[in-house]
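*Asks:* Contents of run-v4.cif (mmCIF, C-alpha atoms and all ligand atoms) are given next:
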data_entry
#
loop_
_atom_site.label_atom_id
_atom_site.label_comp_id
_atom_site.auth_asym_id
_atom_site.auth_seq_id
_atom_site.Cartn_x
_atom_site.Cartn_y
_atom_site.Cartn_z
CA MET A 1 8.08 -21.56 11.33
CA ILE A 2 10.91 -19.09 10.84
CA ARG A 3 14.26 -20.04 12.36
CA THR A 4 17.61 -18.43 11.57
CA PRO A 5 21.21 -18.75 12.84
CA ILE A 6 20.61 -15.99 15.43
CA CYS A 7 18.05 -18.28 17.17
CA ASP A 8 20.68 -21.00 17.61
CA LEU A 9 23.40 -18.53 18.59
CA LEU A 10 21.32 -17.13 21.46
CA GLY A 11 18.92 -19.97 22.28
CA ILE A 12 15.78 -17.99 21.35
CA GLU A 13 12.67 -19.12 19.49
CA TYR A 14 12.04 -16.13 17.20
CA PRO A 15 14.80 -13.98 15.61
CA ILE A 16 13.59 -10.73 17.17
CA PHE A 17 15.15 -8.36 19.72
CA GLN A 18 13.23 -5.72 21.65
CA GLY A 19 15.13 -2.45 21.37
CA GLY A 20 16.67 -0.85 24.44
CA MET A 21 14.55 2.26 24.96
CA ALA A 22 15.62 4.69 27.70
CA TRP A 23 13.06 5.04 30.54
CA ILE A 24 10.94 2.37 28.79
CA SER A 25 12.80 -0.94 28.43
CA ASP A 26 12.97 -2.21 32.01
CA GLY A 27 13.33 -5.68 33.51
CA LYS A 28 9.59 -6.35 33.27
CA LEU A 29 9.28 -5.59 29.54
CA ALA A 30 12.52 -7.47 28.76
CA ALA A 31 11.28 -10.56 30.62
CA ALA A 32 7.91 -10.44 28.80
CA VAL A 33 9.63 -10.35 25.41
CA SER A 34 12.02 -13.17 26.36
CA ASN A 35 9.10 -15.24 27.68
CA GLY A 36 7.40 -14.61 24.33
CA GLY A 37 10.34 -16.22 22.53
CA GLY A 38 12.31 -13.12 21.48
CA LEU A 39 15.27 -11.45 23.16
CA GLY A 40 14.18 -8.87 25.72
CA ILE A 41 16.63 -6.06 26.37
CA ILE A 42 16.97 -3.82 29.43
CA SER A 43 18.08 -0.25 28.72
CA ALA A 44 20.90 0.96 30.96
CA MET A 45 20.19 4.44 29.54
CA ASN A 46 21.67 7.29 31.60
CA ALA A 47 21.27 5.42 34.91
CA ASN A 48 23.89 4.08 37.30
CA ALA A 49 24.91 0.49 38.10
CA GLU A 50 22.58 0.30 41.11
CA TYR A 51 19.52 0.92 38.89
CA LEU A 52 20.70 -1.59 36.30
CA LYS A 53 21.38 -4.28 38.92
CA LYS A 54 17.78 -3.93 40.17
CA GLN A 55 16.42 -4.34 36.63
CA ILE A 56 18.63 -7.38 35.93
CA ASP A 57 17.42 -8.98 39.19
CA LEU A 58 13.81 -8.18 38.28
CA ALA A 59 14.17 -9.76 34.82
CA ARG A 60 15.82 -12.85 36.33
CA SER A 61 12.91 -13.20 38.78
CA LEU A 62 10.42 -13.15 35.87
CA THR A 63 12.11 -15.34 33.26
CA ASP A 64 14.58 -18.22 32.86
CA LYS A 65 15.13 -17.26 29.22
CA PRO A 66 18.13 -15.27 27.99
CA PHE A 67 17.86 -11.47 27.85
CA GLY A 68 20.22 -8.62 27.08
CA VAL A 69 21.29 -5.18 28.31
CA ASN A 70 21.67 -2.16 26.05
CA ILE A 71 24.45 0.23 26.96
CA MET A 72 24.14 3.78 25.67
CA LEU A 73 27.77 4.71 25.18
CA MET A 74 27.20 8.44 25.69
CA SER A 75 25.89 7.78 29.23
CA PRO A 76 27.94 9.38 32.02
CA PHE A 77 27.66 6.00 33.80
CA ALA A 78 28.85 3.90 30.81
CA ASP A 79 32.01 2.73 32.64
CA GLU A 80 30.21 1.45 35.74
CA VAL A 81 27.35 -0.25 33.90
CA ALA A 82 29.85 -1.82 31.48
CA LYS A 83 31.63 -3.37 34.48
CA LEU A 84 28.36 -4.54 36.04
CA VAL A 85 27.19 -6.47 32.96
CA ALA A 86 30.56 -8.26 32.91
CA GLU A 87 30.23 -9.19 36.61
CA GLU A 88 26.61 -10.29 36.10
CA LYS A 89 27.56 -12.20 32.93
CA VAL A 90 24.37 -11.22 31.12
CA ALA A 91 23.83 -13.28 27.95
CA VAL A 92 23.93 -10.40 25.47
CA VAL A 93 25.08 -6.79 25.47
CA THR A 94 23.95 -4.43 22.74
CA THR A 95 25.46 -0.96 22.43
CA GLY A 96 24.22 2.27 20.90
CA ALA A 97 25.25 5.82 20.14
CA GLY A 98 28.97 5.21 19.74
CA ASN A 99 31.97 2.93 19.37
CA PRO A 100 32.00 0.06 21.94
CA SER A 101 35.62 -1.05 21.29
CA ARG A 102 37.00 0.08 24.65
CA TYR A 103 34.71 -2.32 26.53
CA MET A 104 34.82 -5.29 24.14
CA PRO A 105 37.84 -7.16 25.67
CA MET A 106 36.23 -7.06 29.16
CA TRP A 107 32.86 -8.29 27.85
CA LEU A 108 34.36 -11.03 25.67
CA GLU A 109 36.45 -12.19 28.65
CA ALA A 110 33.17 -12.57 30.62
CA GLY A 111 31.72 -14.75 27.82
CA ILE A 112 29.15 -12.12 26.80
CA LYS A 113 27.84 -12.01 23.24
CA VAL A 114 28.33 -8.41 22.14
CA ILE A 115 25.94 -7.16 19.45
CA PRO A 116 26.54 -3.48 18.65
CA VAL A 117 24.01 -1.23 16.97
CA VAL A 118 25.64 0.51 14.01
CA ALA A 119 24.46 3.20 11.66
CA SER A 120 27.32 2.92 9.12
CA VAL A 121 29.46 0.39 7.25
CA ALA A 122 32.66 1.78 8.87
CA MET A 123 31.36 1.00 12.38
CA ALA A 124 30.21 -2.46 11.20
CA ARG A 125 33.75 -3.23 10.00
CA LEU A 126 35.27 -1.96 13.22
CA VAL A 127 33.07 -4.02 15.56
CA THR A 128 33.54 -7.12 13.38
CA LYS A 129 37.31 -6.86 13.97
CA ALA A 130 36.77 -6.19 17.70
CA GLY A 131 34.96 -9.52 18.21
CA ALA A 132 31.22 -8.80 17.97
CA ALA A 133 28.93 -11.87 17.80
CA ALA A 134 26.43 -10.17 15.45
CA ILE A 135 25.51 -6.66 14.32
CA ILE A 136 22.31 -4.64 14.45
CA ALA A 137 22.11 -2.27 11.46
CA GLU A 138 19.73 0.51 12.46
CA GLY A 139 18.28 2.87 9.86
CA GLY A 140 17.05 6.38 10.51
CA GLU A 141 13.38 5.31 10.50
CA SER A 142 13.88 4.29 14.11
CA GLY A 143 13.07 6.35 17.16
CA GLY A 144 15.65 8.01 19.35
CA HIS A 145 19.24 8.62 18.26
CA VAL A 146 19.40 8.09 14.51
CA GLY A 147 21.96 7.89 11.74
CA ASP A 148 21.58 9.30 8.22
CA LEU A 149 20.94 6.13 6.23
CA THR A 150 17.64 4.32 5.85
CA THR A 151 17.26 0.64 6.77
CA MET A 152 16.70 -0.16 3.06
CA VAL A 153 20.20 1.01 2.08
CA LEU A 154 22.10 0.34 5.32
CA VAL A 155 21.26 -3.35 5.84
CA PRO A 156 22.51 -4.73 2.48
CA GLN A 157 25.70 -2.64 2.69
CA VAL A 158 26.42 -3.87 6.23
CA CYS A 159 25.72 -7.45 5.08
CA ASN A 160 28.28 -6.98 2.30
CA ALA A 161 30.87 -5.67 4.78
CA THR A 162 30.75 -8.46 7.39
CA ASP A 163 30.42 -12.23 7.69
CA LEU A 164 28.62 -11.85 11.02
CA PRO A 165 24.84 -12.35 11.33
CA VAL A 166 23.07 -9.00 10.79
CA LEU A 167 19.80 -7.87 12.35
CA ALA A 168 17.82 -5.06 10.77
CA ALA A 169 16.32 -2.27 12.86
CA GLY A 170 14.40 0.90 12.09
CA GLY A 171 11.04 0.97 10.35
CA ILE A 172 10.03 -2.61 11.17
CA GLY A 173 6.56 -2.83 12.65
CA ASP A 174 4.76 -5.82 11.14
CA GLY A 175 5.26 -9.08 9.22
CA ARG A 176 5.97 -7.25 5.97
CA GLY A 177 8.85 -5.41 7.62
CA VAL A 178 10.27 -8.65 9.02
CA ALA A 179 10.02 -10.31 5.60
CA ALA A 180 11.69 -7.30 3.95
CA ALA A 181 14.55 -7.48 6.45
CA PHE A 182 15.23 -11.09 5.42
CA LEU A 183 15.17 -10.13 1.75
CA LEU A 184 17.79 -7.44 2.44
CA GLY A 185 20.12 -10.08 3.92
CA ALA A 186 19.34 -9.82 7.63
CA VAL A 187 18.77 -12.93 9.79
CA GLY A 188 16.69 -11.13 12.40
CA VAL A 189 15.13 -7.85 13.44
CA GLN A 190 15.17 -5.43 16.33
CA VAL A 191 11.93 -3.65 17.11
CA GLY A 192 11.46 -0.82 19.59
CA THR A 193 8.38 1.27 18.93
CA ARG A 194 5.91 -1.62 18.62
CA PHE A 195 7.02 -3.05 21.98
CA LEU A 196 6.51 0.38 23.53
CA VAL A 197 2.76 -0.32 23.35
CA ALA A 198 3.08 -3.85 24.76
CA GLU A 199 0.76 -4.49 27.71
CA GLU A 200 3.79 -5.32 29.87
CA CYS A 201 5.45 -1.98 29.05
CA GLY A 202 5.16 0.37 32.02
CA VAL A 203 5.72 3.63 30.14
CA HIS A 204 3.22 6.41 30.98
CA PRO A 205 -0.19 5.79 29.29
CA ASN A 206 0.05 9.20 27.55
CA TYR A 207 3.20 7.98 25.74
CA LYS A 208 1.35 4.91 24.45
CA LYS A 209 -1.58 7.11 23.45
CA LYS A 210 0.74 9.39 21.44
CA VAL A 211 2.16 6.41 19.51
CA LEU A 212 -1.26 4.83 18.95
CA LYS A 213 -2.67 8.12 17.62
CA ALA A 214 0.33 8.96 15.40
CA ASN A 215 0.07 8.90 11.61
CA ASP A 216 2.74 8.33 8.95
CA ILE A 217 4.17 11.85 9.17
CA ALA A 218 3.88 12.28 12.94
CA THR A 219 7.60 12.10 13.74
CA MET A 220 10.45 14.55 13.14
CA VAL A 221 14.20 14.69 13.73
CA THR A 222 15.83 17.35 15.89
CA GLY A 223 19.31 17.63 17.40
CA LYS A 224 21.43 17.86 14.24
CA ARG A 225 23.09 21.10 15.42
CA LEU A 226 24.59 19.34 18.47
CA GLY A 227 25.53 16.28 16.41
CA HIS A 228 22.99 13.93 18.01
CA PRO A 229 19.93 13.76 15.80
CA VAL A 230 16.92 12.26 17.59
CA ARG A 231 13.58 11.14 16.13
CA GLN A 232 10.47 11.90 18.14
CA ILE A 233 6.76 12.57 17.80
CA LYS A 234 6.00 16.17 16.81
CA ASN A 235 4.57 18.12 19.74
CA GLN A 236 5.10 21.46 21.43
CA PHE A 237 8.50 20.41 22.82
CA ALA A 238 9.84 19.10 19.49
CA LYS A 239 8.65 22.15 17.55
CA GLU A 240 10.10 24.62 20.09
CA TYR A 241 13.40 22.71 20.17
CA ALA A 242 13.57 22.72 16.36
CA LYS A 243 12.96 26.46 16.31
CA ALA A 244 15.65 27.04 18.94
CA GLU A 245 18.16 25.05 16.87
CA TYR A 246 17.92 27.67 14.13
CA SER A 247 18.00 30.61 16.53
CA SER A 248 21.03 32.43 17.89
CA ILE A 249 20.98 30.77 21.35
CA SER A 250 24.21 29.12 22.50
CA ASP A 251 24.87 25.35 22.33
CA GLU A 252 24.85 25.27 26.15
CA GLU A 253 21.37 26.82 26.29
CA LEU A 254 20.15 24.42 23.59
CA GLU A 255 21.52 21.46 25.54
CA LYS A 256 19.68 22.69 28.65
CA LEU A 257 16.43 22.93 26.70
CA GLY A 258 16.59 19.17 26.00
CA GLY A 259 17.44 18.13 29.56
CA GLY A 260 14.90 15.86 31.29
CA ALA A 261 12.48 15.93 28.35
CA LEU A 262 12.42 12.14 27.85
CA TYR A 263 11.77 11.65 31.58
CA ARG A 264 8.86 14.11 31.37
CA ALA A 265 7.40 12.05 28.51
CA ALA A 266 8.01 8.48 29.69
CA VAL A 267 7.50 8.87 33.44
CA GLU A 268 5.30 11.95 33.83
CA GLY A 269 3.40 11.71 30.53
CA ASP A 270 3.68 15.46 29.94
CA GLU A 271 2.25 15.82 26.43
CA LYS A 272 3.49 19.38 25.96
CA THR A 273 7.01 19.53 27.42
CA GLY A 274 7.93 15.83 27.13
CA ASP A 275 10.06 14.35 24.31
CA PHE A 276 8.25 11.31 22.90
CA LEU A 277 10.96 9.34 21.08
CA ALA A 278 9.35 6.97 18.57
CA GLY A 279 9.99 5.53 15.10
CA GLN A 280 8.29 6.15 11.78
CA ILE A 281 6.24 2.96 12.13
CA SER A 282 4.19 4.70 14.84
CA GLY A 283 1.51 5.29 12.20
CA MET A 284 1.12 1.51 11.76
CA ILE A 285 0.41 0.72 15.40
CA HIS A 286 -3.21 0.82 16.52
CA LYS A 287 -3.52 -1.35 19.61
CA GLU A 288 -1.93 -2.36 22.86
CA GLN A 289 -1.16 -6.11 22.97
CA PRO A 290 0.83 -8.58 25.09
CA ALA A 291 4.48 -8.81 23.95
CA ALA A 292 4.12 -12.50 23.08
CA GLU A 293 1.16 -11.71 20.79
CA ILE A 294 3.13 -8.96 19.02
CA ILE A 295 5.93 -11.44 18.30
CA ARG A 296 3.56 -14.19 17.09
CA GLU A 297 1.65 -11.79 14.86
CA MET A 298 4.81 -10.37 13.28
CA PHE A 299 6.23 -13.80 12.46
CA GLU A 300 2.94 -15.29 11.22
CA GLY A 301 2.67 -12.25 8.96
CA ALA A 302 6.27 -12.61 7.76
CA GLU A 303 5.77 -16.28 6.98
CA GLU A 304 2.78 -15.51 4.81
CA VAL A 305 4.62 -12.77 2.91
CA LEU A 306 7.74 -14.91 2.42
CA LYS A 307 5.71 -17.89 1.17
CA GLY A 308 4.22 -15.66 -1.51
CA ALA A 309 7.48 -13.86 -2.29
CA GLY A 310 8.14 -15.84 -5.47
CA LYS A 311 4.89 -14.86 -7.16
CA TRP A 312 6.46 -12.37 -9.60
CA VAL A 313 9.27 -14.71 -10.59
CA LYS A 314 8.35 -16.39 -13.84
O1 LIG B 401 21.38 4.68 20.33
C1 LIG B 401 20.36 4.53 19.75
N1 LIG B 401 19.20 5.13 20.11
C2 LIG B 401 19.10 6.04 21.14
S1 LIG B 401 20.29 6.47 22.23
C3 LIG B 401 19.28 7.56 22.96
S2 LIG B 401 19.75 8.54 24.29
C4 LIG B 401 20.16 9.99 23.55
N2 LIG B 401 19.51 11.05 23.98
C5 LIG B 401 19.80 12.24 23.46
C6 LIG B 401 20.76 12.38 22.48
C7 LIG B 401 21.38 11.30 22.02
C8 LIG B 401 21.09 10.07 22.55
C9 LIG B 401 18.08 7.52 22.37
N3 LIG B 401 17.98 6.66 21.37
N4 LIG B 401 20.30 3.72 18.66
C10 LIG B 401 21.44 3.05 18.22
C11 LIG B 401 22.28 3.91 17.36
N5 LIG B 401 23.57 3.97 17.43
N6 LIG B 401 21.85 4.75 16.42
C12 LIG B 401 22.94 5.36 15.89
C13 LIG B 401 24.02 4.83 16.54
C14 LIG B 401 25.41 5.07 16.36
C15 LIG B 401 25.86 6.35 16.08
C16 LIG B 401 27.21 6.58 15.97
C17 LIG B 401 26.32 4.03 16.53
C18 LIG B 401 27.65 4.28 16.40
C19 LIG B 401 28.07 5.54 16.13
O2 LIG B 401 29.39 5.72 16.04
C20 LIG B 401 29.85 7.03 16.25
C21 LIG B 401 31.26 7.09 15.86
O3 LIG B 401 32.07 7.13 16.79
O4 LIG B 401 31.47 7.03 14.65
#
Translate this structure into structure tokens?
*Replies:*
Amino acid sequence: MIRTPICDLLGIEYPIFQGGMAWISDGKLAAAVSNGGGLGIISAMNANAEYLKKQIDLARSLTDKPFGVNIMLMSPFADEVAKLVAEEKVAVVTTGAGNPSRYMPMWLEAGIKVIPVVASVAMARLVTKAGAAAIIAEGGESGGHVGDLTTMVLVPQVCNATDLPVLAAGGIGDGRGVAAAFLLGAVGVQVGTRFLVAEECGVHPNYKKKVLKANDIATMVTGKRLGHPVRQIKNQFAKEYAKAEYSSISDEELEKLGGGALYRAAVEGDEKTGDFLAGQISGMIHKEQPAAEIIREMFEGAEEVLKGAGKWVK
């Protein structure tokens, strides 16, 4: 059995979070992950408080276990969803794509455990001072909005910079990845892409198919010109967007080109014009499974690897 301080802090069985994926991580998926012993997370994405309230109610109807909400700080509705999670007193709030400091006093006042996703040591230091309960260090192997550093170099540097528990994210898809995260100093992991193909995940079947068919070099990063690099599976949309980034079109036109593309992928399953955000571990995923089975498999695998980890030490 693998148990770490993050299990006791949150009252969960396995030290694993399911990443907040826009248009993908809803109340149903979050509840399935929490029922499987991890921490399920609802994505507040770019939606308003009314949407989020429905998803929180749905999760509460499906599980008695703790779950979290991920707030994407660049969302135009960040203020109203930030207020809602405080009113609802959700167990955990994770944040992404920015600095959560302006909301921290309100969340801490509500007794929420705030666990920001960071992509740099500077942000890890800042959220430590602001009262975070733990930190998720996410490397650029992940899907969606990515930083520059890999998980391999980010996690140990974040561990050196804070006394808080650190979870590793980005590039973790099986037991070997979980074991590696522990060896880098983390006490838990956050996994997005592998839960995308969970049976309980309601994303469009074409999205799952794209991830299941992907190989090691199937993803690419676009969006650097506008300062928001995003990792996704290479397809017509991603290639055309990449080409446009190096053309003479204006930033406004480029922004327009990206609008609605994730919705077209996740909800409509449009393989050509959709934007299929996914991490570099896509090439390691070959089957759809229940969320609880994914968790069990990853931790049984990690246990085996960790038990044999001393074999080169003479
Ligand atoms: O946030 C994510 N993943 C995401 S957000 C998203 S929605 C989106 N769509 C289009 C463009 C941009 C975003 C899709 N996937 N992961 C967590 C994460 N946070 N990765 C990187 C960061 C991050 C970046 C900068 C955290 C803090 C930060 O601080 C900025 C600053 O102020 O220094």
*Asks:* Enclose ligand LIG 401 (chain B), meaning all of its atoms listed in the file, in a box aligned along x, y and z, pad it by 4 Å on each side, and list the centre and edge lengths in Å to one decimal, as JSON.
*Replies:*
{"center_x": 25.0, "center_y": 7.7, "center_z": 19.5, "size_x": 22.1, "size_y": 17.3, "size_z": 17.6}
*Asks:* Contacts between ligand LIG 401 (chain B) and chain A, please, where a residue of chain A counts if it comes within 8 Å (with all atoms listed in the file); show its shortest atom pair and distance in Å to one decimal, rows by chain and ascending number, as JSON lines.
*Replies:*
{"residue": "A:Gly20", "atom": "CA", "partner": "B:LIG401", "partner_atom": "N1", "distance": 7.8}
{"residue": "A:Met21", "atom": "CA", "partner": "B:LIG401", "partner_atom": "N3", "distance": 6.6}
{"residue": "A:Ala22", "atom": "CA", "partner": "B:LIG401", "partner_atom": "C9", "distance": 6.5}
{"residue": "A:Met45", "atom": "CA", "partner": "B:LIG401", "partner_atom": "S2", "distance": 6.7}
{"residue": "A:Asn46", "atom": "CA", "partner": "B:LIG401", "partner_atom": "S2", "distance": 7.7}
{"residue": "A:Met72", "atom": "CA", "partner": "B:LIG401", "partner_atom": "S1", "distance": 5.8}
{"residue": "A:Met74", "atom": "CA", "partner": "B:LIG401", "partner_atom": "C8", "distance": 7.1}
{"residue": "A:Ser75", "atom": "CA", "partner": "B:LIG401", "partner_atom": "S2", "distance": 7.9}
{"residue": "A:Thr95", "atom": "CA", "partner": "B:LIG401", "partner_atom": "C10", "distance": 7.1}
{"residue": "A:Gly96", "atom": "CA", "partner": "B:LIG401", "partner_atom": "O1", "distance": 3.8}
{"residue": "A:Ala97", "atom": "CA", "partner": "B:LIG401", "partner_atom": "N5", "distance": 3.7}
{"residue": "A:Gly98", "atom": "CA", "partner": "B:LIG401", "partner_atom": "C18", "distance": 3.7}
{"residue": "A:Asn99", "atom": "CA", "partner": "B:LIG401", "partner_atom": "O3", "distance": 4.9}
{"residue": "A:Pro116", "atom": "CA", "partner": "B:LIG401", "partner_atom": "C17", "distance": 7.8}
{"residue": "A:Val117", "atom": "CA", "partner": "B:LIG401", "partner_atom": "C10", "distance": 5.1}
{"residue": "A:Val118", "atom": "CA", "partner": "B:LIG401", "partner_atom": "C17", "distance": 4.4}
{"residue": "A:Ala119", "atom": "CA", "partner": "B:LIG401", "partner_atom": "C12", "distance": 5.0}
{"residue": "A:Ser120", "atom": "CA", "partner": "B:LIG401", "partner_atom": "C18", "distance": 7.4}
{"residue": "A:Ala122", "atom": "CA", "partner": "B:LIG401", "partner_atom": "O4", "distance": 7.9}
{"residue": "A:Met123", "atom": "CA", "partner": "B:LIG401", "partner_atom": "O2", "distance": 6.3}
{"residue": "A:Glu138", "atom": "CA", "partner": "B:LIG401", "partner_atom": "N6", "distance": 6.2}
{"residue": "A:Gly139", "atom": "CA", "partner": "B:LIG401", "partner_atom": "N6", "distance": 7.7}
{"residue": "A:Gly140", "atom": "CA", "partner": "B:LIG401", "partner_atom": "N6", "distance": 7.8}
{"residue": "A:Ser142", "atom": "CA", "partner": "B:LIG401", "partner_atom": "N4", "distance": 7.9}
{"residue": "A:Gly143", "atom": "CA", "partner": "B:LIG401", "partner_atom": "N3", "distance": 6.5}
{"residue": "A:Gly144", "atom": "CA", "partner": "B:LIG401", "partner_atom": "N3", "distance": 3.4}
{"residue": "A:His145", "atom": "CA", "partner": "B:LIG401", "partner_atom": "C2", "distance": 3.9}
{"residue": "A:Val146", "atom": "CA", "partner": "B:LIG401", "partner_atom": "N6", "distance": 4.6}
{"residue": "A:Gly147", "atom": "CA", "partner": "B:LIG401", "partner_atom": "C12", "distance": 5.0}
{"residue": "A:Gly223", "atom": "CA", "partner": "B:LIG401", "partner_atom": "C6", "distance": 7.4}
{"residue": "A:His228", "atom": "CA", "partner": "B:LIG401", "partner_atom": "C7", "distance": 5.1}
{"residue": "A:Pro229", "atom": "CA", "partner": "B:LIG401", "partner_atom": "C7", "distance": 6.8}
{"residue": "A:Val230", "atom": "CA", "partner": "B:LIG401", "partner_atom": "C6", "distance": 6.2}
{"residue": "A:Leu277", "atom": "CA", "partner": "B:LIG401", "partner_atom": "C9", "distance": 7.5}
*Asks:* How would the residues just picked look written out with C-alpha atoms as a tab-separated table (two decimals), in the frame of the given file?
*Replies:*
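Final output, saved to selection_10.tsv:
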chain	number	residue	atom	x	y	z
A	20	GLY	CA	16.67	-0.85	24.44
A	21	MET	CA	14.55	2.26	24.96
A	22	ALA	CA	15.62	4.69	27.70
A	45	MET	CA	20.19	4.44	29.54
A	46	ASN	CA	21.67	7.29	31.60
A	72	MET	CA	24.14	3.78	25.67
A	74	MET	CA	27.20	8.44	25.69
A	75	SER	CA	25.89	7.78	29.23
A	95	THR	CA	25.46	-0.96	22.43
A	96	GLY	CA	24.22	2.27	20.90
A	97	ALA	CA	25.25	5.82	20.14
A	98	GLY	CA	28.97	5.21	19.74
A	99	ASN	CA	31.97	2.93	19.37
A	116	PRO	CA	26.54	-3.48	18.65
A	117	VAL	CA	24.01	-1.23	16.97
A	118	VAL	CA	25.64	0.51	14.01
A	119	ALA	CA	24.46	3.20	11.66
A	120	SER	CA	27.32	2.92	9.12
A	122	ALA	CA	32.66	1.78	8.87
A	123	MET	CA	31.36	1.00	12.38
A	138	GLU	CA	19.73	0.51	12.46
A	139	GLY	CA	18.28	2.87	9.86
A	140	GLY	CA	17.05	6.38	10.51
A	142	SER	CA	13.88	4.29	14.11
A	143	GLY	CA	13.07	6.35	17.16
A	144	GLY	CA	15.65	8.01	19.35
A	145	HIS	CA	19.24	8.62	18.26
A	146	VAL	CA	19.40	8.09	14.51
A	147	GLY	CA	21.96	7.89	11.74
A	223	GLY	CA	19.31	17.63	17.40
A	228	HIS	CA	22.99	13.93	18.01
A	229	PRO	CA	19.93	13.76	15.80
A	230	VAL	CA	16.92	12.26	17.59
A	277	LEU	CA	10.96	9.34	21.08
*Asks:* Could you check which of A:Gly308, A:Thr128, A:Gly27, A:Leu212 is closest to Thr63 of chain A, using all atoms listed in the file?
*Replies:*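 Using all atoms listed in the file, Thr63 of chain A sits closest to A:Gly27.
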*Asks:* Give me the residues within 12 Å of segment 81-91 of chain A as a ChimeraX atom specification, counting all atoms listed in the file and dropping any in the same chain fewer than 5 places off.
*Replies:* /A:9-12,34,39-57,59-60,64-76,100-115,133
*Asks:* Which residue, A:Ala179, A:Ile281, A:Ala238, A:Leu254, has the smallest gap to Asp216 of chain A when you use all atoms listed in the file?
*Replies:*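 Of the candidates, the smallest distance to Asp216 of chain A is held by A:Ile281.
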*Asks:* Do a neighbour search on segment 261-271 of chain A at 9 Å with only C-alpha atoms, toss out local chain neighbours closer than 6 positions, and write the hits as an NGL selection string.
*Replies:* :A and (22-24 or 202-207 or 210 or 235-237 or 277)
*Asks:* From the set A:Ile16, A:Thr94, A:Gly258, A:Gly38, which residue has the shortest atom-to-atom contact distance to Ala181 of chain A, counting all atoms listed in the file?
*Replies:*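 Using all atoms listed in the file, Ala181 of chain A sits closest to A:Ile16.
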*Asks:* What does the structure give for the distance between atom CA of Leu62 of chain A and atom CA of Ile135 of chain A, in Å to one decimal?
*Replies:*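 Straight-line distance from atom CA of Leu62 of chain A to atom CA of Ile135 of chain A works out to 27.1 Å.
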*Asks:* Atom CA of Glu240 of chain A and atom CA of Ala169 of chain A, how far apart in Å?
*Replies:*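 Interatomic distance, atom CA of Ala169 of chain A to atom CA of Glu240 of chain A: 28.5 Å.
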*Asks:* I'd like to know which of A:Gly301, A:Ala132, A:Asp251, A:Ala198 is closest to Lys28 of chain A, using all atoms listed in the file.
*Replies:*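 Distance minimum relative to Lys28 of chain A lands on A:Ala198.
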*Asks:* So how far away is atom CA of Val187 of chain A from atom CA of Gly310 of chain A, in Å?
*Replies:*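 Spanning atom CA of Gly310 of chain A to atom CA of Val187 of chain A is a straight-line distance of 18.8 Å.
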*Asks:* Within 8 Å of segment 217-219 of chain A, counting all atoms listed in the file, which residues qualify if same-chain residues fewer than 3 places away don't, as a PyMOL selection string?
*Replies:* chain A and resi 214+231-234+278-280+282-283
*Asks:* Pick out the closest residue to Thr151 of chain A from this set: A:Ala180, A:Val92, A:Leu126, A:Ile249. Count all atoms listed in the file.
*Replies:*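 Nearest to Thr151 of chain A: A:Ala180.
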*Asks:* Add whatever atoms are absent from segment 91-99 of chain A to reach N, CA, C and O atoms, and provide the output as a PDB file, keeping the file's coordinate frame.
*Replies:*
ATOM      1  N   ALA A  91      23.621 -12.484  29.168  1.00  0.00           N
ATOM      2  CA  ALA A  91      23.830 -13.280  27.950  1.00  0.00           C
ATOM      3  C   ALA A  91      24.305 -12.411  26.784  1.00  0.00           C
ATOM      4  O   ALA A  91      25.206 -12.792  26.032  1.00  0.00           O
ATOM      5  N   VAL A  92      23.679 -11.248  26.647  1.00  0.00           N
ATOM      6  CA  VAL A  92      23.930 -10.400  25.470  1.00  0.00           C
ATOM      7  C   VAL A  92      24.056  -8.949  25.900  1.00  0.00           C
ATOM      8  O   VAL A  92      23.288  -8.475  26.750  1.00  0.00           O
ATOM      9  N   VAL A  93      25.019  -8.242  25.308  1.00  0.00           N
ATOM     10  CA  VAL A  93      25.080  -6.790  25.470  1.00  0.00           C
ATOM     11  C   VAL A  93      24.947  -6.151  24.097  1.00  0.00           C
ATOM     12  O   VAL A  93      25.672  -6.537  23.163  1.00  0.00           O
ATOM     13  N   THR A  94      23.997  -5.236  23.955  1.00  0.00           N
ATOM     14  CA  THR A  94      23.950  -4.430  22.740  1.00  0.00           C
ATOM     15  C   THR A  94      24.414  -3.026  23.116  1.00  0.00           C
ATOM     16  O   THR A  94      24.308  -2.615  24.272  1.00  0.00           O
ATOM     17  N   THR A  95      24.980  -2.315  22.145  1.00  0.00           N
ATOM     18  CA  THR A  95      25.460  -0.960  22.430  1.00  0.00           C
ATOM     19  C   THR A  95      24.841  -0.004  21.433  1.00  0.00           C
ATOM     20  O   THR A  95      24.460  -0.417  20.334  1.00  0.00           O
ATOM     21  N   GLY A  96      24.750   1.264  21.819  1.00  0.00           N
ATOM     22  CA  GLY A  96      24.220   2.270  20.900  1.00  0.00           C
ATOM     23  C   GLY A  96      24.926   3.585  21.074  1.00  0.00           C
ATOM     24  O   GLY A  96      25.591   3.814  22.095  1.00  0.00           O
ATOM     25  N   ALA A  97      24.779   4.436  20.065  1.00  0.00           N
ATOM     26  CA  ALA A  97      25.250   5.820  20.140  1.00  0.00           C
ATOM     27  C   ALA A  97      26.753   5.923  20.339  1.00  0.00           C
ATOM     28  O   ALA A  97      27.224   6.786  21.077  1.00  0.00           O
ATOM     29  N   GLY A  98      27.524   5.071  19.664  1.00  0.00           N
ATOM     30  CA  GLY A  98      28.970   5.210  19.740  1.00  0.00           C
ATOM     31  C   GLY A  98      29.734   3.934  19.424  1.00  0.00           C
ATOM     32  O   GLY A  98      29.153   2.934  19.016  1.00  0.00           O
ATOM     33  N   ASN A  99      31.050   4.016  19.663  1.00  0.00           N
ATOM     34  CA  ASN A  99      31.970   2.930  19.370  1.00  0.00           C
ATOM     35  C   ASN A  99      32.270   2.128  20.653  1.00  0.00           C
ATOM     36  O   ASN A  99      32.863   2.656  21.581  1.00  0.00           O
TER      37      ASN A  99
END
